[in-house]
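Heads up, run.csv below (CSV, C-alpha atoms):
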```
chain,number,residue,atom,x,y,z
A,108,MET,CA,13.8,-57.3,53.6
A,109,ARG,CA,14.0,-54.4,56.1
A,110,ARG,CA,11.6,-54.7,58.9
A,111,GLN,CA,9.9,-51.4,59.5
A,112,LEU,CA,9.6,-50.4,63.1
A,113,PRO,CA,6.9,-48.2,64.6
A,114,ASN,CA,7.8,-44.6,65.0
A,115,ASP,CA,8.5,-44.7,68.7
A,116,GLN,CA,10.9,-47.7,68.2
A,117,ARG,CA,13.0,-46.3,65.5
A,118,PRO,CA,16.7,-46.5,66.3
A,119,PHE,CA,18.4,-43.2,66.5
A,120,ARG,CA,22.0,-44.5,66.7
A,121,ILE,CA,23.2,-48.0,66.3
A,122,PHE,CA,26.6,-47.8,67.7
A,123,ARG,CA,28.2,-45.8,70.4
A,124,ASP,CA,31.8,-44.7,70.3
A,125,THR,CA,32.7,-46.4,73.5
A,126,GLU,CA,31.2,-49.1,75.6
A,127,GLN,CA,31.0,-46.6,78.5
A,128,GLU,CA,29.1,-44.1,76.4
A,129,LEU,CA,26.6,-46.8,75.4
A,130,ALA,CA,26.1,-47.9,79.0
A,131,HIS,CA,25.5,-44.3,80.1
A,132,GLU,CA,23.0,-43.8,77.3
A,133,GLN,CA,21.1,-46.9,78.1
A,134,ALA,CA,21.1,-46.2,81.8
A,135,ARG,CA,19.5,-42.8,81.0
A,136,LEU,CA,16.9,-44.5,78.8
A,137,ARG,CA,16.3,-47.0,81.5
A,138,VAL,CA,15.3,-44.3,83.9
A,139,ASN,CA,13.1,-42.5,81.4
A,140,HIS,CA,11.4,-45.7,80.4
A,141,GLN,CA,11.0,-47.0,83.9
A,142,ASP,CA,7.6,-48.6,84.7
A,143,PRO,CA,5.4,-46.3,86.8
A,144,LYS,CA,4.6,-49.3,89.0
A,145,THR,CA,8.2,-49.7,90.0
A,146,GLU,CA,8.6,-46.0,90.8
A,147,ASP,CA,6.0,-46.4,93.5
A,148,ASN,CA,8.0,-49.2,95.0
A,149,GLN,CA,11.3,-47.4,94.8
A,150,GLU,CA,11.1,-45.8,98.2
A,151,ASP,CA,10.4,-49.1,99.8
A,152,ASN,CA,13.3,-50.7,98.0
A,153,GLN,CA,15.7,-47.9,98.5
A,154,GLU,CA,17.8,-49.8,101.0
A,155,ASP,CA,18.2,-52.6,98.6
A,156,ASN,CA,19.3,-50.2,95.9
A,157,LYS,CA,22.3,-49.1,97.8
A,158,SER,CA,24.4,-51.8,96.2
A,159,LEU,CA,23.5,-50.5,92.7
A,160,PRO,CA,24.9,-47.5,91.0
A,161,VAL,CA,22.7,-44.4,91.5
A,162,ILE,CA,21.3,-43.2,88.2
A,163,ASP,CA,19.2,-40.1,87.8
A,164,ALA,CA,17.6,-38.5,84.8
A,165,THR,CA,19.9,-35.5,85.0
A,166,HIS,CA,22.6,-37.5,83.2
A,167,ASN,CA,24.7,-38.1,86.3
A,168,ILE,CA,26.8,-40.9,85.2
A,169,PRO,CA,27.7,-43.8,87.5
A,170,ASP,CA,31.3,-45.1,87.4
A,171,GLN,CA,30.1,-48.6,86.9
A,172,PRO,CA,27.2,-49.4,84.7
A,173,ALA,CA,24.5,-51.6,86.0
A,174,PRO,CA,25.1,-55.2,85.1
A,175,ASN,CA,22.2,-55.5,82.7
A,176,VAL,CA,22.9,-52.5,80.5
A,177,LEU,CA,25.3,-54.1,78.1
A,178,GLY,CA,22.7,-55.5,75.8
A,179,PRO,CA,20.1,-58.1,75.4
A,180,THR,CA,22.5,-60.9,75.7
A,181,ALA,CA,24.3,-59.7,78.8
A,182,GLY,CA,23.0,-61.6,81.8
A,183,SER,CA,19.5,-62.9,82.3
A,184,ALA,CA,16.4,-60.8,82.2
A,185,PRO,CA,15.6,-59.2,85.5
A,186,GLU,CA,12.5,-60.0,87.4
A,187,SER,CA,9.7,-57.6,86.7
A,188,GLY,CA,8.8,-55.4,89.6
A,189,SER,CA,12.3,-55.1,90.9
A,190,PRO,CA,14.1,-51.7,90.5
A,191,ASP,CA,16.2,-53.3,87.7
A,192,SER,CA,13.2,-54.1,85.7
A,193,VAL,CA,13.4,-53.2,82.1
A,194,PRO,CA,10.5,-53.2,79.8
A,195,THR,CA,10.9,-56.2,77.5
A,196,ASP,CA,8.2,-55.2,75.1
A,197,GLY,CA,10.7,-53.5,72.9
A,198,ARG,CA,10.6,-50.0,74.3
A,199,PHE,CA,14.0,-50.3,75.9
A,200,PHE,CA,16.2,-52.5,73.8
A,201,SER,CA,14.7,-51.5,70.5
A,202,ALA,CA,16.3,-48.1,70.8
A,203,ASP,CA,19.7,-49.7,70.3
A,204,TRP,CA,19.0,-53.1,69.1
A,205,PRO,CA,16.1,-52.9,66.6
A,206,PHE,CA,16.7,-56.5,65.7
A,207,THR,CA,17.3,-58.6,68.8
A,208,LYS,CA,17.8,-62.3,68.8
A,209,ASP,CA,14.2,-62.8,69.9
A,210,VAL,CA,12.5,-61.0,67.0
A,211,PRO,CA,11.1,-63.7,64.7
A,212,GLY,CA,11.3,-63.4,61.0
A,213,THR,CA,14.4,-61.4,60.8
A,214,GLU,CA,17.8,-62.4,59.4
A,215,GLN,CA,20.0,-62.9,62.3
A,216,ILE,CA,23.4,-61.6,61.7
A,217,LYS,CA,25.8,-61.0,64.5
A,218,VAL,CA,27.9,-57.9,64.0
A,219,GLU,CA,30.9,-57.4,66.3
A,220,THR,CA,31.5,-53.7,67.1
A,221,PRO,CA,35.0,-52.3,67.8
A,222,ALA,CA,34.0,-51.9,71.4
A,223,GLY,CA,33.7,-55.7,71.6
A,224,MET,CA,29.9,-55.7,71.8
A,225,ALA,CA,27.5,-57.6,69.5
A,226,PHE,CA,24.7,-56.2,67.5
A,227,TYR,CA,22.1,-58.5,66.1
A,228,GLY,CA,20.5,-57.4,63.0
A,229,GLU,CA,20.5,-57.1,59.2
A,230,LEU,CA,23.4,-55.6,57.3
A,231,ALA,CA,22.5,-52.9,54.8
A,232,THR,CA,21.7,-54.2,51.3
A,233,ALA,CA,22.2,-52.2,48.2
A,234,TYR,CA,20.0,-52.6,45.2
A,235,VAL,CA,19.7,-51.1,41.7
A,236,PRO,CA,16.2,-51.2,40.1
A,237,TRP,CA,16.2,-52.4,36.5
A,238,GLN,CA,15.5,-49.7,34.0
A,239,THR,CA,13.0,-50.3,31.3
A,240,PHE,CA,12.8,-48.3,28.1
A,241,SER,CA,9.7,-46.2,28.1
A,242,GLN,CA,10.1,-42.8,26.6
A,243,THR,CA,12.8,-40.2,25.9
A,244,LEU,CA,13.0,-36.6,26.6
A,245,ASP,CA,13.2,-33.7,24.1
A,246,LEU,CA,16.8,-33.6,23.1
A,247,ARG,CA,17.4,-30.0,24.3
A,248,GLU,CA,15.8,-30.8,27.6
A,249,ALA,CA,17.9,-34.0,27.8
A,250,LEU,CA,21.1,-32.1,27.4
A,251,ARG,CA,20.0,-29.6,30.0
A,252,VAL,CA,19.0,-32.1,32.7
A,253,GLY,CA,21.8,-34.5,32.0
A,254,THR,CA,19.9,-37.6,31.0
A,255,LEU,CA,17.8,-38.7,28.0
A,256,PHE,CA,15.4,-40.7,30.3
A,257,PRO,CA,12.8,-38.9,32.4
A,258,GLU,CA,13.0,-41.6,35.1
A,259,LEU,CA,16.6,-40.7,35.7
A,260,ILE,CA,16.1,-37.0,36.3
A,261,ARG,CA,17.3,-36.0,39.8
A,262,THR,CA,16.2,-32.9,41.6
A,263,PRO,CA,17.9,-30.5,41.9
A,264,PRO,CA,19.1,-31.1,38.3
A,265,LEU,CA,22.7,-32.2,38.2
A,266,TYR,CA,25.2,-30.9,35.6
A,267,GLN,CA,23.4,-27.6,35.4
A,268,ARG,CA,25.2,-24.3,35.3
A,269,PRO,CA,24.4,-22.3,38.4
A,270,GLY,CA,21.9,-19.6,37.6
A,271,SER,CA,20.7,-21.1,34.4
B,137,MET,CA,30.4,-17.7,14.9
B,138,ASN,CA,27.0,-16.7,13.7
B,139,ALA,CA,23.7,-17.7,15.3
B,140,GLN,CA,22.9,-20.3,12.7
B,141,GLN,CA,26.3,-22.0,13.1
B,142,LYS,CA,25.9,-22.0,16.9
B,143,GLU,CA,22.4,-23.5,16.6
B,144,MET,CA,23.7,-26.3,14.3
B,145,LEU,CA,26.5,-27.1,16.7
B,146,LEU,CA,24.1,-27.1,19.6
B,147,ARG,CA,21.8,-29.5,17.7
B,148,ILE,CA,24.7,-31.8,17.0
B,149,MET,CA,25.7,-31.8,20.7
B,150,GLU,CA,22.1,-32.7,21.7
B,151,MET,CA,21.9,-35.5,19.2
B,152,GLN,CA,25.3,-36.8,20.2
B,153,PHE,CA,24.3,-36.8,23.8
B,154,ALA,CA,21.1,-38.7,23.0
B,155,ALA,CA,23.2,-41.2,21.0
B,156,THR,CA,25.5,-41.6,24.0
B,157,GLU,CA,22.6,-42.2,26.4
B,158,LEU,CA,21.0,-44.8,24.1
B,159,ASN,CA,24.4,-46.4,23.7
B,160,LEU,CA,24.8,-46.7,27.4
B,161,PHE,CA,21.3,-48.1,27.8
B,162,LEU,CA,21.9,-50.6,25.1
B,163,ASP,CA,25.1,-51.8,26.8
B,164,THR,CA,23.0,-53.2,29.6
B,165,HIS,CA,19.8,-53.9,27.5
B,166,PRO,CA,21.2,-55.3,24.2
B,167,ASP,CA,17.9,-57.0,23.3
B,168,ASP,CA,15.7,-54.0,23.7
B,169,THR,CA,14.4,-53.5,20.1
B,170,ARG,CA,12.8,-50.1,20.8
B,171,ALA,CA,16.0,-48.7,22.1
B,172,LEU,CA,17.9,-50.1,19.2
B,173,GLN,CA,15.5,-48.6,16.8
B,174,GLU,CA,15.7,-45.2,18.4
B,175,PHE,CA,19.5,-45.5,18.5
B,176,ARG,CA,19.6,-46.2,14.7
B,177,MET,CA,17.3,-43.3,14.0
B,178,ARG,CA,19.3,-40.9,16.2
B,179,SER,CA,22.7,-41.9,14.9
B,180,GLN,CA,21.5,-41.4,11.3
B,181,GLU,CA,20.2,-38.0,12.1
B,182,LEU,CA,23.4,-37.2,13.9
B,183,MET,CA,25.5,-38.3,10.9
B,184,SER,CA,23.5,-36.3,8.4
B,185,ALA,CA,23.6,-33.2,10.7
B,186,LYS,CA,27.4,-33.5,11.0
B,187,MET,CA,27.8,-33.8,7.3
B,188,GLU,CA,25.6,-30.8,6.8
B,189,TYR,CA,27.6,-28.8,9.3
B,190,GLU,CA,30.9,-29.8,7.8
B,191,ARG,CA,29.7,-29.0,4.3
B,192,ILE,CA,29.0,-25.4,5.4
B,193,TYR,CA,31.5,-24.6,8.2
B,194,GLY,CA,34.4,-27.0,7.8
B,195,PRO,CA,35.5,-30.1,9.7
B,196,LEU,CA,34.4,-31.0,13.2
B,197,LEU,CA,37.2,-33.5,13.6
B,198,ASN,CA,40.8,-33.4,12.5
B,199,TYR,CA,43.4,-36.0,11.7
B,200,GLY,CA,41.3,-37.1,8.7
B,201,PHE,CA,38.2,-38.0,10.7
B,202,GLY,CA,36.3,-35.2,9.2
B,203,MET,CA,35.8,-33.6,5.8
B,204,THR,CA,38.7,-31.6,4.3
B,205,GLY,CA,37.8,-28.8,2.0
B,206,ARG,CA,39.9,-27.1,-0.6
B,207,THR,CA,41.5,-24.9,2.1
B,208,TRP,CA,42.7,-25.8,5.6
B,209,GLN,CA,39.6,-24.8,7.6
B,210,TRP,CA,40.5,-26.5,10.9
B,211,ILE,CA,42.0,-23.3,12.3
B,212,ASP,CA,39.2,-21.0,11.1
B,213,ASP,CA,36.6,-21.4,13.8
B,214,PRO,CA,36.8,-20.2,17.3
B,215,TRP,CA,37.9,-23.0,19.7
B,216,PRO,CA,35.1,-24.5,21.8
B,217,TRP,CA,36.1,-22.7,24.9
B,218,GLU,CA,36.0,-19.4,23.0
B,219,VAL,CA,32.3,-19.8,22.1
B,220,ASN,CA,29.8,-18.1,24.4
B,221,TRP,CA,27.1,-20.7,24.8
B,222,ARG,CA,24.9,-18.7,27.0
B,223,ARG,CA,21.6,-18.1,25.3
B,224,SER,CA,20.5,-14.5,25.2
```
Starting from the coordinates I provided, produce the structure as structure tokens.
Amino acid sequence: MRRQLPNDQRPFRIFRDTEQELAHEQARLRVNHQDPKTEDNQEDNQEDNKSLPVIDATHNIPDQPAPNVLGPTAGSAPESGSPDSVPTDGRFFSADWPFTKDVPGTEQIKVETPAGMAFYGELATAYVPWQTFSQTLDLREALRVGTLFPELIRTPPLYQRPGS
Amino acid sequence: MNAQQKEMLLRIMEMQFAATELNLFLDTHPDDTRALQEFRMRSQELMSAKMEYERIYGPLLNYGFGMTGRTWQWIDDPWPWEVNWRRS
């Protein structure tokens, strides 16, 4: 069964075309989602930050992505309060990994992407509801809308001459 | 092709479409008695409507699948693509 996420956690794209693009996107998200507390500390820690790639919200892209932007499985979780801190309550990773390893109650399927990354989640499942005989349309109407069964009418009507 | 002939043909088309739909439904629901009953009713109506049409206007099918009158009527009617089906 598909697990419905809250609106602010809906994934907007699952895969990126390249690993680099994904890293950039996540770096941008990371800045936007940074904890206000850590922003206060940023000036104090600026000297420590020199070893890290500089990321700003104007989409200036670092050559090397930060070590922890490659997904939930890459490296260990950073300590909270440090400039690398990433919200672990789902705000950050859920944008790209709606179903992480840690989410209980979901089918855990590992999907390898062409870029060599792993995505943990459910594959899509197709289903066809079983039709039950209930009533039939008027025959002329049936020929016009393309089905005898009212539950199979699709809008806009298929098989209809334009303008009729 | 006069209006009555056109109306009869249209009626046959409708009933044949309904029979096709019920046929498809029964392919996946062979035990549905209501659908089977409706299919029987529709196909009987369809058969009598076809016989009525062929009695008046000539055969609907050729190669011996339809009725053959005293004269060769197969070439009398306009071909299906020559009929203007747009309702006025």
Proximal residues of chain B relative to chain A (only C-alpha atoms; 9 Å) as a VMD selection string: chain B and resid 146 to 147 149 to 151 153 to 154 157 to 158 161 165 168 170 to 171 222
Shortest contact to Leu197 of chain B, candidates B:Gln140, B:Leu145, B:Trp210, B:Ala185, atoms counted only C-alpha atoms, goes to B:Trp210
message = Could you check which residues have any atom within 12 Å of (26.4, -21.3, 13.3), counting all atoms listed in the file with coordinates taken straight from the file, and then list them as an NGL selection string?
response = :B and (137-148 or 188-190 or 192-194 or 213-214 or 219 or 221)
* What is the distance, in Å and to one decimal place, between atom CA of Gln173 of chain B and atom CA of Leu160 of chain B? ->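 Going from atom CA of Gln173 of chain B over to atom CA of Leu160 of chain B covers 14.2 Å.
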query = Can you tell me how far atom CA of Gln152 of chain B sits from atom CA of Arg261 of chain A, in Å to one decimal?
reply =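 Between atom CA of Gln152 of chain B and atom CA of Arg261 of chain A the gap is 21.2 Å.
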Problem - Coordinates-based distance that separates atom CA of Met187 of chain B from atom CA of Gly200 of chain B (Å, one decimal) - result: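 Computing the Euclidean distance for atom CA of Gly200 of chain B and atom CA of Met187 of chain B yields 14.0 Å.
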